[in-house]
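Engineer: Right, I'll just put the structure down here and ask away after.
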Amino acid sequence: MTVALSGGEIAARLEERFPGSVVESGQDSLLVKSESLRAAAGFLKTAPGLEFDYLTAITGVDYYDYFEVVYQLTSIRHNHSLVVKARCYGRGNPALPSVVSLWQGADFQEREIYDLMGIRFEGHPNLKRIVLWDGFTGYPLRKDYLQW
Amino acid sequence: MEIEERAGLYIYSDTQLDKEEGERIEALKASSQQPLPDPDRWLDEELRRHILLTSVDAVLNWARRSSLWPVVCFPACCAFEFITTAASRFDISRFGMEIIRGSPRQADLMITAGTLTWKMAPQVRRIYDQMAEPKWVIAMGACAISGGIFASSYSVVPGYSRIIPVDVYVPGCPPRPEALLYGIRLMQDKIAKRSIITED
């Protein structure tokens, strides 16, 4: 059984390495600042004892005031998992750093989130619509999306 | 939001392909806002039907309805009910339909088993256009009739009749194989009433 690591313990290690990078942490997740997401993700992937080498899923959530992107990380070597979150504010042009260079599996999922929620992933090699067609207006999984 | 052009990755520009695909879909969507009329005008034309050629019609229609070959158009879950209908328990080969063609050129019946999205719609329209005349369409299931539970979705075509003329509607979500068989029998009855002098 995969052990779900506590966000608080990991947050302490992250804070030690990148001061000010963690916004809040709890039993089951850890919220990092969007500016330090790329560095924190790189640390989580390579740090001894953590080595999250597998990205299970990325999810986008619309909370009206902000968008939250949830990264579910798994370490196949240590058989443990962690939930990392990042927020981006503003509905006009929300953006987060891309993690495709760390985990290839993020490629299509980030494109899907861009497609359906309109969150831009800076540094993505091929950020364009994946499910809907080119020329579709709007982002249908946003809470305020209405077509009629 | 603007998307940057990626240059030099392929011999063609996939950005250009995406753009053309999007334009094709938007054009089809714009021209498909109203359902097409069902092709059953000739069913009422009793007078013209009885003028002449009845025996020719009878033989021709018998031949046509007795070996309907369906083309593969199974975008979603109704396909499993179709597969059950085609398998040994319900066995549509009793109606001369055991050959399900992978090529629309060899088929004369399209059983549209499943939800259709606007992104897929141009391809289905193209398959229909590639089928040789005379050709018929059975809309199978709630999604094929009206879009079903996805009727108000941003991406689902509200009924196949928006893009292709439908002859028989088989309701259900999904329809039981018996319902599909009944729809096929209705299709055959409809073909039996067709007359070559009233064909468009």
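The way I read the labels, and the way they are meant: chains A, B, ... in the order of the structure tokens, residue 1 as the first residue of every chain, and ligand 1 as the first ligand shown, with later ones counted on from there.
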Quick one: residues within 12 Å of A:Ser6, only C-alpha atoms counted, chain neighbours fewer than 3 positions away excluded, as a ChimeraX atom specification?
Structural biologist: /A:3,9-13,25-30,80-84
Engineer: Could those selected residues go to a file with C-alpha atoms, as a PDB file, in the first residue's frame?
Structural biologist:
```pdb
ATOM      1  CA  VAL A   3       1.975   5.577   2.066  1.00  0.00           C
ATOM      2  CA  GLU A   9       6.836  17.136   7.227  1.00  0.00           C
ATOM      3  CA  ILE A  10       7.673  17.750   3.605  1.00  0.00           C
ATOM      4  CA  ALA A  11       6.905  21.446   4.087  1.00  0.00           C
ATOM      5  CA  ALA A  12       9.620  21.663   6.739  1.00  0.00           C
ATOM      6  CA  ARG A  13      12.202  20.236   4.328  1.00  0.00           C
ATOM      7  CA  SER A  25       0.615  22.733   4.791  1.00  0.00           C
ATOM      8  CA  GLY A  26      -1.617  20.199   6.389  1.00  0.00           C
ATOM      9  CA  GLN A  27      -2.042  16.521   7.024  1.00  0.00           C
ATOM     10  CA  ASP A  28      -2.854  15.609   3.463  1.00  0.00           C
ATOM     11  CA  SER A  29      -1.492  18.340   1.251  1.00  0.00           C
ATOM     12  CA  LEU A  30       0.937  21.167   0.863  1.00  0.00           C
ATOM     13  CA  HIS A  80       4.822   6.885  -1.039  1.00  0.00           C
ATOM     14  CA  SER A  81       2.725   9.740  -2.362  1.00  0.00           C
ATOM     15  CA  LEU A  82       2.145  13.450  -1.805  1.00  0.00           C
ATOM     16  CA  VAL A  83      -0.384  16.064  -2.863  1.00  0.00           C
ATOM     17  CA  VAL A  84       1.057  19.439  -3.853  1.00  0.00           C
TER      18      VAL A  84
END
```
Engineer: For chain A, which residues have at least one atom within 7 Å of chain B, if we go by only C-alpha atoms? Write them as a list in words, please.
Structural biologist: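 In the required form, that comes to Lys128, Trp133, Asp134 and Gly135 of chain A.
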Engineer: Find, counting only C-alpha atoms, the residue in B:Arg126, B:Arg105, B:Lys190, B:Arg89 that gets nearest to B:Ile138.
Structural biologist: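 Distance minimum relative to B:Ile138 lands on B:Lys190.
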Engineer: Could you pull the residues within 10 Å of B:Gly148, counting only C-alpha atoms, minus those fewer than 5 positions along the same chain, as a VMD selection string?
Structural biologist: chain B and resid 114 to 115 141 to 143 153 156 to 159 171 to 173
Engineer: Find the spatial neighbours of A:Glu51, counting only C-alpha atoms, within a cut-off of 8 Å - ignore same-chain residues fewer than 4 positions away - and output them as a ChimeraX atom specification.
Structural biologist: /A:44-47,75,77-78
Engineer: Output the selection as a PDB file, in the first residue's frame - N, CA and C atoms for each residue.
Structural biologist:
```
ATOM      1  N   LEU A  44      11.434  18.045  -4.992  1.00  0.00           N
ATOM      2  CA  LEU A  44      10.687  16.849  -4.597  1.00  0.00           C
ATOM      3  C   LEU A  44      11.040  15.666  -5.490  1.00  0.00           C
ATOM      4  N   LYS A  45      11.385  15.940  -6.729  1.00  0.00           N
ATOM      5  CA  LYS A  45      11.696  14.837  -7.624  1.00  0.00           C
ATOM      6  C   LYS A  45      13.053  14.213  -7.307  1.00  0.00           C
ATOM      7  N   THR A  46      14.012  15.043  -6.868  1.00  0.00           N
ATOM      8  CA  THR A  46      15.381  14.540  -6.748  1.00  0.00           C
ATOM      9  C   THR A  46      15.861  14.357  -5.313  1.00  0.00           C
ATOM     10  N   ALA A  47      15.192  14.964  -4.318  1.00  0.00           N
ATOM     11  CA  ALA A  47      15.731  14.929  -2.953  1.00  0.00           C
ATOM     12  C   ALA A  47      15.813  13.492  -2.436  1.00  0.00           C
ATOM     13  N   SER A  75       6.130   8.282  -5.520  1.00  0.00           N
ATOM     14  CA  SER A  75       7.474   7.748  -5.673  1.00  0.00           C
ATOM     15  C   SER A  75       7.368   6.246  -5.831  1.00  0.00           C
ATOM     16  N   ARG A  77       9.931   4.300  -6.236  1.00  0.00           N
ATOM     17  CA  ARG A  77      11.030   3.697  -5.490  1.00  0.00           C
ATOM     18  C   ARG A  77      10.669   3.516  -4.009  1.00  0.00           C
ATOM     19  N   HIS A  78      10.110   4.566  -3.390  1.00  0.00           N
ATOM     20  CA  HIS A  78       9.822   4.495  -1.952  1.00  0.00           C
ATOM     21  C   HIS A  78       8.384   4.121  -1.655  1.00  0.00           C
TER      22      HIS A  78
END
```
Engineer: From the list A:Pro48, A:Val22, A:Leu14, A:Arg142, which residue is nearest A:Tyr66 when using only C-alpha atoms?
Structural biologist: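 Among the listed residues, A:Arg142 lies closest to A:Tyr66.
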Engineer: Among chain A, which residues does DSSP mark as strand (DSSP E) when it is run on the backbone? Keep the chain and numbering as in the structure and answer as an NGL selection string.
Structural biologist: :A and (3-4 or 22-25 or 30-32 or 54-62 or 66-75 or 80-89 or 95-97 or 120-122)
Engineer: Restricted to C-alpha atoms, what would the selected residues look like written as a CSV table (one decimal), in the first residue's frame?
Structural biologist:
```csv
chain,number,residue,atom,x,y,z
A,3,VAL,CA,2.0,5.6,2.1
A,4,ALA,CA,0.5,9.1,1.8
A,22,VAL,CA,5.4,27.1,1.3
A,23,VAL,CA,2.1,29.0,1.9
A,24,GLU,CA,0.4,26.4,4.1
A,25,SER,CA,0.6,22.7,4.8
A,30,LEU,CA,0.9,21.2,0.9
A,31,LEU,CA,0.4,24.5,-0.8
A,32,VAL,CA,3.4,26.1,-2.5
A,54,TYR,CA,6.0,9.7,-11.1
A,55,LEU,CA,3.3,12.3,-11.6
A,56,THR,CA,-0.1,10.5,-11.1
A,57,ALA,CA,-2.4,13.3,-12.1
A,58,ILE,CA,-2.8,17.1,-12.4
A,59,THR,CA,-6.2,18.6,-11.6
A,60,GLY,CA,-7.4,22.1,-12.1
A,61,VAL,CA,-10.0,23.5,-9.6
A,62,ASP,CA,-12.0,26.7,-10.0
A,66,TYR,CA,-8.5,31.8,-7.7
A,67,PHE,CA,-7.6,28.7,-9.6
A,68,GLU,CA,-5.9,25.9,-7.8
A,69,VAL,CA,-3.9,23.2,-9.6
A,70,VAL,CA,-3.4,19.9,-7.7
A,71,TYR,CA,-0.4,17.7,-8.4
A,72,GLN,CA,-0.6,14.1,-7.2
A,73,LEU,CA,3.0,12.8,-6.9
A,74,THR,CA,4.1,9.3,-6.3
A,75,SER,CA,7.5,7.7,-5.7
A,80,HIS,CA,4.8,6.9,-1.0
A,81,SER,CA,2.7,9.7,-2.4
A,82,LEU,CA,2.1,13.5,-1.8
A,83,VAL,CA,-0.4,16.1,-2.9
A,84,VAL,CA,1.1,19.4,-3.9
A,85,LYS,CA,-1.1,22.4,-4.7
A,86,ALA,CA,-0.5,25.8,-6.3
A,87,ARG,CA,-2.8,28.7,-6.8
A,88,CYS,CA,-3.0,31.4,-9.5
A,89,TYR,CA,-5.1,34.5,-9.2
A,95,ALA,CA,-0.6,31.3,-15.3
A,96,LEU,CA,1.6,28.7,-13.5
A,97,PRO,CA,5.0,27.3,-14.3
A,120,ARG,CA,-1.6,29.0,-18.9
A,121,PHE,CA,1.5,26.9,-18.2
A,122,GLU,CA,4.7,28.9,-18.7
```
Engineer: In stretch 21-196 of chain B, what's helix (DSSP H, G or I) per DSSP? Answer as a VMD selection string?
Structural biologist: chain B and resid 21 to 30 41 to 44 46 to 49 54 to 66 78 to 86 92 to 95 104 to 106 121 to 130 142 to 146 148 to 150 160 to 162 177 to 192 196
Engineer: What's around B:Gln33 at 8 Å? Count only C-alpha atoms, leave out sequence neighbours fewer than 3 positions away in its own chain, and write the answer as a PDB file with N, CA and C atoms, in the first residue's frame.
Structural biologist:
```pdb
ATOM      1  N   LYS B  29     -20.647  23.472 -37.879  1.00  0.00           N
ATOM      2  CA  LYS B  29     -21.540  23.801 -36.774  1.00  0.00           C
ATOM      3  C   LYS B  29     -22.468  24.945 -37.162  1.00  0.00           C
ATOM      4  N   ALA B  30     -21.898  25.933 -37.851  1.00  0.00           N
ATOM      5  CA  ALA B  30     -22.713  27.085 -38.244  1.00  0.00           C
ATOM      6  C   ALA B  30     -23.796  26.682 -39.240  1.00  0.00           C
ATOM      7  N   ARG B 162     -28.805  16.695 -37.334  1.00  0.00           N
ATOM      8  CA  ARG B 162     -28.197  17.984 -37.660  1.00  0.00           C
ATOM      9  C   ARG B 162     -27.235  17.875 -38.839  1.00  0.00           C
TER      10      ARG B 162
END
```
Engineer: Could you check which of B:Phe90, B:Leu60, B:Ile145, B:Trp136 is closest to B:Leu186, using only C-alpha atoms?
Structural biologist: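 Distance minimum relative to B:Leu186 lands on B:Trp136.
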Engineer: If you count only C-alpha atoms, which residues fall within 10 Å of A:Arg111, apart from same-chain ones fewer than 3 positions away, as a VMD selection string?
Structural biologist: chain A and resid 106 to 108 114 to 121 124 126 to 131
Engineer: Please identify all polymer residues within 9 Å of B:Val124, counting only C-alpha atoms, omitting same-chain residues fewer than 6 positions from it, and present them as a PyMOL selection string.
Structural biologist: chain B and resi 73+116+163-164
Engineer: Considering only C-alpha atoms, can you say which of B:Asp38, B:Pro177, B:Ala58, B:Ala139 comes closest to B:Ala87?
Structural biologist: B:Pro177
